[in-house]
Amino acid sequence: MSPILPRATSSRAWTVLALGITVLASGIYADTATLREQLQLHWLTVVVFVAAITVGELFRLRMPSGREAAPLASASALAIAFLGKIDGEAPLDVSAGFVVLVVAAGLLLAAAVRGARGGSVGLDQVAARLVGVAVAAWLTRGVAPRGRSLWDLEVDPTVLRSVVALGMVVVAAVGIAVEIVLSSAVRAERQRTPWLAALRDEFGEVAPLTFAVIVSGPMVALMAPAVGLLSLPVALFPLAITYVAVERYARNRVTYRQTIATLSHLTEHGGYTPGGHAERVADLSVRIGRVLGISDRDLRDVEYAALLHDLGQISLVEPIPGGATMLAAPSDQRDIADEGARIIRHAEGLETVADYVEAQTTPYRLVRELGEEVPVASRIIKVANAFDDLTGGRDDPGEILAANERIHLGLGYEYDPEVVEALAVATADTTVGRVGEPETATR
Amino acid sequence: MTTEASAEEGGAPRRAAYATNIYVGVVAAVGLCLTAAAIRIDGIVIDATFWVMVLLAVLAWLFGSVEVDAGRVGLSFTSIVLLATMALVGPAGAGLVGTVLGPLQPGRTPLKAKIFNTGMFATMGVVGGTAYRAAGGFPGGEYPEGTSQIMRHIGMPVLIADVVQLAVNLVLIATVVRLSTGLPMRAQAGRLLGTSGPAHLGYGIIAFILVVLWGPAHLGSASVLLILPPLVVSQWAYRQYSEEVKGHERALHVLVAAVEAKAPHLVGHSARVAALCASMAEHLGLRSQVVADARVAGMLHDLGLTTLPTGLVRSTGVVGGSGLRGYPGRGVRLLQGLSFLSGALDAIAHHRDAVTPGPDHDELGVAALVVGLADEYDLLTEVGTPDGALLSDDEAIQLLRRTPAGREDLLRALGQALSRPAGASP
């Protein structure tokens, strides 16, 4: 379980949290005078949207990388920022602060439920979402160039609806962008990933979903004058289909990884390699990769290659003592890597993985002196494998230090200095390079 | 999705093909006549709305539909476009859009199927559009106000038109399948309803959103731009999903390759056994899930060998090899965590028992017997004993007759599977 509050060293997380609290406080301050009155008038609308946001937050979507998205909650939160006329209810003529309070109620309620269930809360992520919605609500209701805000245009029937729709979509996009920038900043700090790489991954993996979220919020607000509060469940339906489709895709990715992991168990069950070695090397390789700013898409191949890096041992007639390839003769290491790559190439679509496995034994010296092309993935696996061979998976600080020192001896000759540096960062702190909760990191 | 006729049925007798051709002609003629009649009686306004719907139909063609899980389909725009046209333009417009949809079917659809689909979609458009109007829907261009009126005059009619359109679709498709393959109509319609029924309800809701945004919410054609992104994204996600499923299938081949690296004399064996198992299971009339399980079990039945010492595996034949006993259990332990293989584990665990004479083999599952028989047959006739001796078909069958798997029905299925030309299995 990740801590409710960010760790003391996470300055960006604290900044985002402070931003969220400021937004919330200003919402309360601006609305104390009218809050009671507004709540009495709009109680049904408020209840429906708080419920939608809470439920949407609880049904989060876990993407293959372990990153989580709550598309239904995001769309509901944006929807209430835009909401104007509602058939059967009073028009939602409220300040941006009121919207912030409603959204905060939903988010915090969901956080409380998750916390009570023993799940992760991550207040900094909640704060990032709140700030994003606050920006959207403020742009809709607070900013009034030439005396008229987007909300004023929305409730004016003489204004062309497509113009209003366009305005809403743009504002929704800005709000979502703010949230993504903030949450990727926090994530970059926690994973020690370059911010740009975190931003690219944050946006990249969920980009299609994000587009769907951006149009769904305005859709709810545009349908509300016609079908009232019913517009919320109805207009979110296409997004719900998307949710199901993406969820299936993510689930299949998990079984795919299980199959690859099974391959890594072949050598372990046969006694060629120590138990858990491949999983540990994969975990460490992915974390090193994150520190180096490798994209999620490429990290997947890194992970698969790391899981399969010892597969070639399967046809050895005599097992290597302890399965530690680092201690084997270089020519034997190469033979094992070649055999592994040959087996992997039997599956179409895993060619890149096979290339990574094949090149994992090449010493860095050949890259430097002869300009040989060795993928960075292979260099990472080489280092991670050596580290695990040396420590045997024990996390005793003394052993970790000794292994780091031993690998340092091969710096520049055997190992890529950049990767070794990332190894030092990753092994100094077990949270480095992990997405979300620990359970995802040991997937 | 809207079920489309997509392929010619192979091997149908000449008379059936003749009847099918006539039927396709009739459906096409009925569809075109209905459309003409609707234009004549109800009239049609060719305005921007109509052209946007035609544009959507073309988009539906561009995106195509995604096949997931052996025919269970993710999403198709065709039904949504037809439904929206019924409400926004009218029966005649829906008939015309249906006529456009027919020839625009994705991929390598044969001409006959395109003609059939043209007639079918046109019929669906006109009949569905008429049902929409009959259920209280307003003519194109007029819209109700207020939630209850909108539910009464848009929501309800869209739902009814949706059901009617689905019914027309099912009847026409089940008839063409009945004529070309002789499969009973009722079973066909039931199967189609089970696979595409729930999805149709979803299309109804999406069409409803589109109509409400377009009309009562005064958004006009801009509503298409709002509704498209979520649809395109789900389409994308389903496509990714189906790619992943294929990739996953290919990854299983790596497991086979690992077996073959360990035991080079077994190269090709797993693939042959997998094909034999699937074919035998089909000939035994087993459910499609059991057929799939038998195929995977056949493919991975030797996986346990990879955990044994290389020297031992290479020097010992599997047939009667005492040194290799227990490898099926090792294979099962490797695969235990994989949920999608749970149906195949029992067959992998017991496939050797199926061909080892002994007590307590009565309760063996049929999949285990199938895998055991296919495996042993292939070992005897294709792989051979370590000294390289191969048996003829007859000698192998004689030997197999004495094993628990040597039941008449299984041996007959084996014979049928062997006589079926390679590549005919799915």
# chains A, B, ... in the order shown; residues from 1 in each chain; ligands from 1
$ interface_residues --of "chain B" --to "chain A" --cutoff "8 Å" --atoms "only C-alpha atoms" --output "NGL selection string"
:B and (74 or 145-148 or 150 or 205-206 or 209 or 212-213 or 216-220 or 222 or 226-227 or 229-231 or 233-234 or 237-238 or 240-241 or 244-245 or 247-248 or 250-255 or 257-258 or 261-262 or 306-311 or 334-335 or 337-340)
$ write_last_selection --atoms "C-alpha atoms" --output "PDB file, in the first residue's frame"
ATOM      1  CA  GLY B  74     -16.754  -6.048 -30.635  1.00  0.00           C
ATOM      2  CA  GLU B 145     -39.211  18.532 -26.222  1.00  0.00           C
ATOM      3  CA  GLY B 146     -38.822  17.534 -22.569  1.00  0.00           C
ATOM      4  CA  THR B 147     -37.491  14.330 -21.044  1.00  0.00           C
ATOM      5  CA  SER B 148     -40.719  12.326 -20.975  1.00  0.00           C
ATOM      6  CA  ILE B 150     -38.218  12.500 -25.755  1.00  0.00           C
ATOM      7  CA  ILE B 205     -28.430   3.561 -26.933  1.00  0.00           C
ATOM      8  CA  ILE B 206     -25.702   5.099 -29.081  1.00  0.00           C
ATOM      9  CA  ILE B 209     -27.637   9.720 -28.053  1.00  0.00           C
ATOM     10  CA  VAL B 212     -31.029  13.507 -29.116  1.00  0.00           C
ATOM     11  CA  LEU B 213     -27.855  15.539 -29.638  1.00  0.00           C
ATOM     12  CA  PRO B 216     -33.610  18.202 -29.238  1.00  0.00           C
ATOM     13  CA  ALA B 217     -30.142  19.409 -28.181  1.00  0.00           C
ATOM     14  CA  HIS B 218     -29.883  21.426 -31.428  1.00  0.00           C
ATOM     15  CA  LEU B 219     -26.362  20.312 -32.179  1.00  0.00           C
ATOM     16  CA  GLY B 220     -27.020  19.148 -35.736  1.00  0.00           C
ATOM     17  CA  ALA B 222     -21.665  18.423 -35.021  1.00  0.00           C
ATOM     18  CA  LEU B 226     -18.906  14.111 -30.352  1.00  0.00           C
ATOM     19  CA  ILE B 227     -20.142  10.559 -30.670  1.00  0.00           C
ATOM     20  CA  PRO B 229     -14.311   9.475 -30.610  1.00  0.00           C
ATOM     21  CA  PRO B 230     -15.573   6.961 -28.030  1.00  0.00           C
ATOM     22  CA  LEU B 231     -16.690   4.609 -30.805  1.00  0.00           C
ATOM     23  CA  VAL B 233     -11.539   4.261 -29.416  1.00  0.00           C
ATOM     24  CA  SER B 234     -13.492   1.126 -28.560  1.00  0.00           C
ATOM     25  CA  ALA B 237      -9.236  -1.241 -28.294  1.00  0.00           C
ATOM     26  CA  TYR B 238     -11.013  -4.282 -29.722  1.00  0.00           C
ATOM     27  CA  GLN B 240      -5.663  -4.206 -30.206  1.00  0.00           C
ATOM     28  CA  TYR B 241      -7.295  -6.938 -28.223  1.00  0.00           C
ATOM     29  CA  GLU B 244      -2.980  -9.428 -28.703  1.00  0.00           C
ATOM     30  CA  VAL B 245      -4.953 -12.645 -28.766  1.00  0.00           C
ATOM     31  CA  GLY B 247       0.169 -12.631 -30.493  1.00  0.00           C
ATOM     32  CA  HIS B 248      -0.585 -14.719 -27.478  1.00  0.00           C
ATOM     33  CA  ARG B 250       1.991 -17.253 -31.355  1.00  0.00           C
ATOM     34  CA  ALA B 251       3.731 -17.065 -27.996  1.00  0.00           C
ATOM     35  CA  LEU B 252       2.511 -20.596 -27.299  1.00  0.00           C
ATOM     36  CA  HIS B 253       4.651 -21.664 -30.236  1.00  0.00           C
ATOM     37  CA  VAL B 254       7.702 -20.598 -28.252  1.00  0.00           C
ATOM     38  CA  LEU B 255       6.774 -23.209 -25.664  1.00  0.00           C
ATOM     39  CA  ALA B 257       9.989 -24.543 -29.755  1.00  0.00           C
ATOM     40  CA  ALA B 258      11.454 -25.029 -26.279  1.00  0.00           C
ATOM     41  CA  ALA B 261      15.148 -27.533 -28.642  1.00  0.00           C
ATOM     42  CA  LYS B 262      15.257 -30.017 -25.805  1.00  0.00           C
ATOM     43  CA  THR B 306      11.797 -29.417 -20.894  1.00  0.00           C
ATOM     44  CA  THR B 307      12.400 -29.758 -17.145  1.00  0.00           C
ATOM     45  CA  LEU B 308      14.199 -33.109 -17.456  1.00  0.00           C
ATOM     46  CA  PRO B 309      17.943 -33.497 -18.047  1.00  0.00           C
ATOM     47  CA  THR B 310      18.727 -32.998 -21.718  1.00  0.00           C
ATOM     48  CA  GLY B 311      20.779 -36.175 -22.059  1.00  0.00           C
ATOM     49  CA  LEU B 334       4.433 -25.397 -15.293  1.00  0.00           C
ATOM     50  CA  LEU B 335       1.104 -24.434 -16.817  1.00  0.00           C
ATOM     51  CA  GLY B 337      -0.978 -20.597 -13.264  1.00  0.00           C
ATOM     52  CA  LEU B 338      -2.289 -19.922 -16.765  1.00  0.00           C
ATOM     53  CA  SER B 339      -6.025 -19.451 -16.406  1.00  0.00           C
ATOM     54  CA  PHE B 340      -6.765 -19.724 -20.115  1.00  0.00           C
TER      55      PHE B 340
END
$ select_by_dssp --residues "region 303-375 of chain B" --states "helix (DSSP H, G or I)" --output "VMD selection string"
chain B and resid 303 to 307 310 to 315 322 to 324 327 to 335 339 to 350 353 to 355 366 to 375
$ write_last_selection --atoms "C-alpha atoms" --output "PDB file, in the first residue's frame"
ATOM      1  CA  LEU B 303       6.095 -29.474 -22.203  1.00  0.00           C
ATOM      2  CA  GLY B 304       7.143 -31.329 -19.046  1.00  0.00           C
ATOM      3  CA  LEU B 305      10.073 -32.812 -20.986  1.00  0.00           C
ATOM      4  CA  THR B 306      11.797 -29.417 -20.894  1.00  0.00           C
ATOM      5  CA  THR B 307      12.400 -29.758 -17.145  1.00  0.00           C
ATOM      6  CA  THR B 310      18.727 -32.998 -21.718  1.00  0.00           C
ATOM      7  CA  GLY B 311      20.779 -36.175 -22.059  1.00  0.00           C
ATOM      8  CA  LEU B 312      17.986 -38.306 -20.653  1.00  0.00           C
ATOM      9  CA  VAL B 313      15.332 -36.825 -22.970  1.00  0.00           C
ATOM     10  CA  ARG B 314      17.476 -37.263 -26.059  1.00  0.00           C
ATOM     11  CA  SER B 315      18.501 -40.847 -25.315  1.00  0.00           C
ATOM     12  CA  SER B 322      10.546 -45.620 -18.211  1.00  0.00           C
ATOM     13  CA  GLY B 323      13.037 -42.835 -17.472  1.00  0.00           C
ATOM     14  CA  LEU B 324      10.600 -40.162 -18.540  1.00  0.00           C
ATOM     15  CA  TYR B 327       6.833 -35.614 -17.223  1.00  0.00           C
ATOM     16  CA  PRO B 328       3.090 -34.977 -17.846  1.00  0.00           C
ATOM     17  CA  GLY B 329       2.747 -33.907 -14.220  1.00  0.00           C
ATOM     18  CA  ARG B 330       5.758 -31.614 -14.562  1.00  0.00           C
ATOM     19  CA  GLY B 331       4.143 -30.012 -17.581  1.00  0.00           C
ATOM     20  CA  VAL B 332       0.942 -29.432 -15.645  1.00  0.00           C
ATOM     21  CA  ARG B 333       2.864 -27.806 -12.797  1.00  0.00           C
ATOM     22  CA  LEU B 334       4.433 -25.397 -15.293  1.00  0.00           C
ATOM     23  CA  LEU B 335       1.104 -24.434 -16.817  1.00  0.00           C
ATOM     24  CA  SER B 339      -6.025 -19.451 -16.406  1.00  0.00           C
ATOM     25  CA  PHE B 340      -6.765 -19.724 -20.115  1.00  0.00           C
ATOM     26  CA  LEU B 341      -5.244 -23.222 -20.184  1.00  0.00           C
ATOM     27  CA  SER B 342      -7.196 -24.616 -17.235  1.00  0.00           C
ATOM     28  CA  GLY B 343      -9.396 -26.730 -19.527  1.00  0.00           C
ATOM     29  CA  ALA B 344      -6.376 -28.402 -21.104  1.00  0.00           C
ATOM     30  CA  LEU B 345      -4.510 -29.393 -17.951  1.00  0.00           C
ATOM     31  CA  ASP B 346      -6.381 -32.625 -17.262  1.00  0.00           C
ATOM     32  CA  ALA B 347      -5.707 -33.906 -20.768  1.00  0.00           C
ATOM     33  CA  ILE B 348      -2.013 -33.034 -20.457  1.00  0.00           C
ATOM     34  CA  ALA B 349      -1.786 -34.719 -17.048  1.00  0.00           C
ATOM     35  CA  HIS B 350      -3.369 -38.006 -18.133  1.00  0.00           C
ATOM     36  CA  ASP B 353      -2.456 -43.043 -18.864  1.00  0.00           C
ATOM     37  CA  ALA B 354      -4.771 -43.157 -21.846  1.00  0.00           C
ATOM     38  CA  VAL B 355      -2.349 -45.427 -23.724  1.00  0.00           C
ATOM     39  CA  VAL B 366     -12.423 -37.728 -23.314  1.00  0.00           C
ATOM     40  CA  ALA B 367      -9.857 -34.990 -24.020  1.00  0.00           C
ATOM     41  CA  ALA B 368      -7.154 -37.030 -22.269  1.00  0.00           C
ATOM     42  CA  LEU B 369      -8.067 -40.071 -24.369  1.00  0.00           C
ATOM     43  CA  VAL B 370      -8.002 -38.030 -27.563  1.00  0.00           C
ATOM     44  CA  VAL B 371      -4.609 -36.480 -26.785  1.00  0.00           C
ATOM     45  CA  GLY B 372      -3.186 -39.831 -25.672  1.00  0.00           C
ATOM     46  CA  LEU B 373      -4.338 -41.586 -28.820  1.00  0.00           C
ATOM     47  CA  ALA B 374      -3.165 -38.859 -31.177  1.00  0.00           C
ATOM     48  CA  ASP B 375       0.181 -38.620 -29.389  1.00  0.00           C
TER      49      ASP B 375
END
$ residues_around --residues "Trp43 (chain A)" --least-positions-apart "5" --cutoff "12 Å" --atoms "only C-alpha atoms" --output "PyMOL selection string"
chain A and resi 35-38+48-50+89-90+92+102
$ write_last_selection --atoms "C-alpha atoms" --output "mmCIF file, in the first residue's frame"
data_model
loop_
_atom_site.group_PDB
_atom_site.id
_atom_site.type_symbol
_atom_site.label_atom_id
_atom_site.label_comp_id
_atom_site.auth_asym_id
_atom_site.auth_seq_id
_atom_site.Cartn_x
_atom_site.Cartn_y
_atom_site.Cartn_z
ATOM 1 C CA LEU A 35 -23.423 27.187 -0.134
ATOM 2 C CA ARG A 36 -26.485 26.208 1.899
ATOM 3 C CA GLU A 37 -28.880 27.837 -0.483
ATOM 4 C CA GLN A 38 -27.205 26.294 -3.518
ATOM 5 C CA VAL A 48 -26.086 12.223 -8.683
ATOM 6 C CA PHE A 49 -22.713 13.642 -9.657
ATOM 7 C CA VAL A 50 -20.979 12.893 -6.361
ATOM 8 C CA GLU A 89 -33.990 20.767 -12.483
ATOM 9 C CA ALA A 90 -32.875 24.323 -11.852
ATOM 10 C CA LEU A 92 -26.693 24.887 -12.436
ATOM 11 C CA VAL A 102 -18.778 18.717 -5.470
#
$ residues_around --residues "Val374 (chain A)" --least-positions-apart "3" --cutoff "12 Å" --atoms "only C-alpha atoms" --output "count of residues only"
24
$ residues_around --residues "Ala94 (chain B)" --least-positions-apart "3" --cutoff "10 Å" --atoms "only C-alpha atoms" --output "ChimeraX atom specification"
/B:35,38,50,53-54,81-91,97-100,121-130
$ write_last_selection --atoms "C-alpha atoms" --output "mmCIF file, in the first residue's frame"
data_model
loop_
_atom_site.group_PDB
_atom_site.id
_atom_site.type_symbol
_atom_site.label_atom_id
_atom_site.label_comp_id
_atom_site.auth_asym_id
_atom_site.auth_seq_id
_atom_site.Cartn_x
_atom_site.Cartn_y
_atom_site.Cartn_z
ATOM 1 C CA THR B 35 -36.876 1.318 -50.781
ATOM 2 C CA ALA B 38 -40.913 4.051 -49.345
ATOM 3 C CA PHE B 50 -29.039 12.526 -45.428
ATOM 4 C CA MET B 53 -25.634 9.656 -42.788
ATOM 5 C CA VAL B 54 -24.215 8.453 -46.088
ATOM 6 C CA VAL B 81 -25.936 4.366 -38.820
ATOM 7 C CA LEU B 82 -29.098 2.583 -39.962
ATOM 8 C CA LEU B 83 -30.965 3.344 -36.731
ATOM 9 C CA ALA B 84 -29.958 6.996 -36.691
ATOM 10 C CA THR B 85 -31.041 7.373 -40.327
ATOM 11 C CA MET B 86 -34.463 5.879 -39.553
ATOM 12 C CA ALA B 87 -35.024 8.569 -36.925
ATOM 13 C CA LEU B 88 -33.345 11.546 -38.586
ATOM 14 C CA VAL B 89 -34.350 10.960 -42.223
ATOM 15 C CA GLY B 90 -37.083 8.301 -42.335
ATOM 16 C CA PRO B 91 -37.732 4.830 -43.788
ATOM 17 C CA VAL B 97 -28.391 4.205 -46.778
ATOM 18 C CA GLY B 98 -28.849 0.430 -46.442
ATOM 19 C CA THR B 99 -28.420 0.105 -50.196
ATOM 20 C CA VAL B 100 -25.165 2.036 -49.924
ATOM 21 C CA PHE B 121 -29.691 -3.725 -45.252
ATOM 22 C CA ALA B 122 -32.242 -1.948 -47.460
ATOM 23 C CA THR B 123 -35.018 -4.175 -46.092
ATOM 24 C CA MET B 124 -33.816 -3.589 -42.542
ATOM 25 C CA GLY B 125 -33.759 0.170 -43.139
ATOM 26 C CA VAL B 126 -37.271 0.397 -44.597
ATOM 27 C CA VAL B 127 -38.928 -2.068 -42.201
ATOM 28 C CA GLY B 128 -37.100 -0.624 -39.160
ATOM 29 C CA GLY B 129 -37.903 2.944 -40.237
ATOM 30 C CA THR B 130 -41.571 2.050 -40.616
#
$ atom_distance --atom1 "CA of Leu34 (chain B)" --atom2 "CA of Phe138 (chain B)"
20.4 Å
$ atom_distance --atom1 "CA of Leu107 (chain A)" --atom2 "CA of Glu57 (chain A)"
7.0 Å
$ select_by_dssp --residues "region 4-197 of chain A" --states "strand (DSSP E or B)" --output "JSON, numbers by chain"
{"A": [61, 62, 68, 69, 86, 89]}
$ write_last_selection --atoms "N, CA and C atoms" --output "mmCIF file, in the first residue's frame"
data_model
loop_
_atom_site.group_PDB
_atom_site.id
_atom_site.type_symbol
_atom_site.label_atom_id
_atom_site.label_comp_id
_atom_site.auth_asym_id
_atom_site.auth_seq_id
_atom_site.Cartn_x
_atom_site.Cartn_y
_atom_site.Cartn_z
ATOM 1 N N LEU A 61 -9.449 1.752 -14.075
ATOM 2 C CA LEU A 61 -8.968 0.886 -15.142
ATOM 3 C C LEU A 61 -7.477 0.716 -14.950
ATOM 4 N N ARG A 62 -7.032 -0.516 -14.824
ATOM 5 C CA ARG A 62 -5.601 -0.739 -14.667
ATOM 6 C C ARG A 62 -5.001 -1.028 -16.031
ATOM 7 N N GLU A 68 -3.037 3.624 -13.520
ATOM 8 C CA GLU A 68 -4.490 3.544 -13.390
ATOM 9 C C GLU A 68 -5.166 4.768 -13.973
ATOM 10 N N ALA A 69 -6.363 4.546 -14.551
ATOM 11 C CA ALA A 69 -7.153 5.652 -15.071
ATOM 12 C C ALA A 69 -8.575 5.463 -14.580
ATOM 13 N N ILE A 86 -30.780 22.083 -17.079
ATOM 14 C CA ILE A 86 -31.060 20.669 -16.888
ATOM 15 C C ILE A 86 -32.572 20.530 -16.919
ATOM 16 N N GLU A 89 -34.736 20.261 -13.636
ATOM 17 C CA GLU A 89 -33.990 20.767 -12.483
ATOM 18 C C GLU A 89 -33.669 22.239 -12.740
#
$ atom_distance --atom1 "CA of Asp338 (chain A)" --atom2 "CA of His301 (chain B)"
25.8 Å
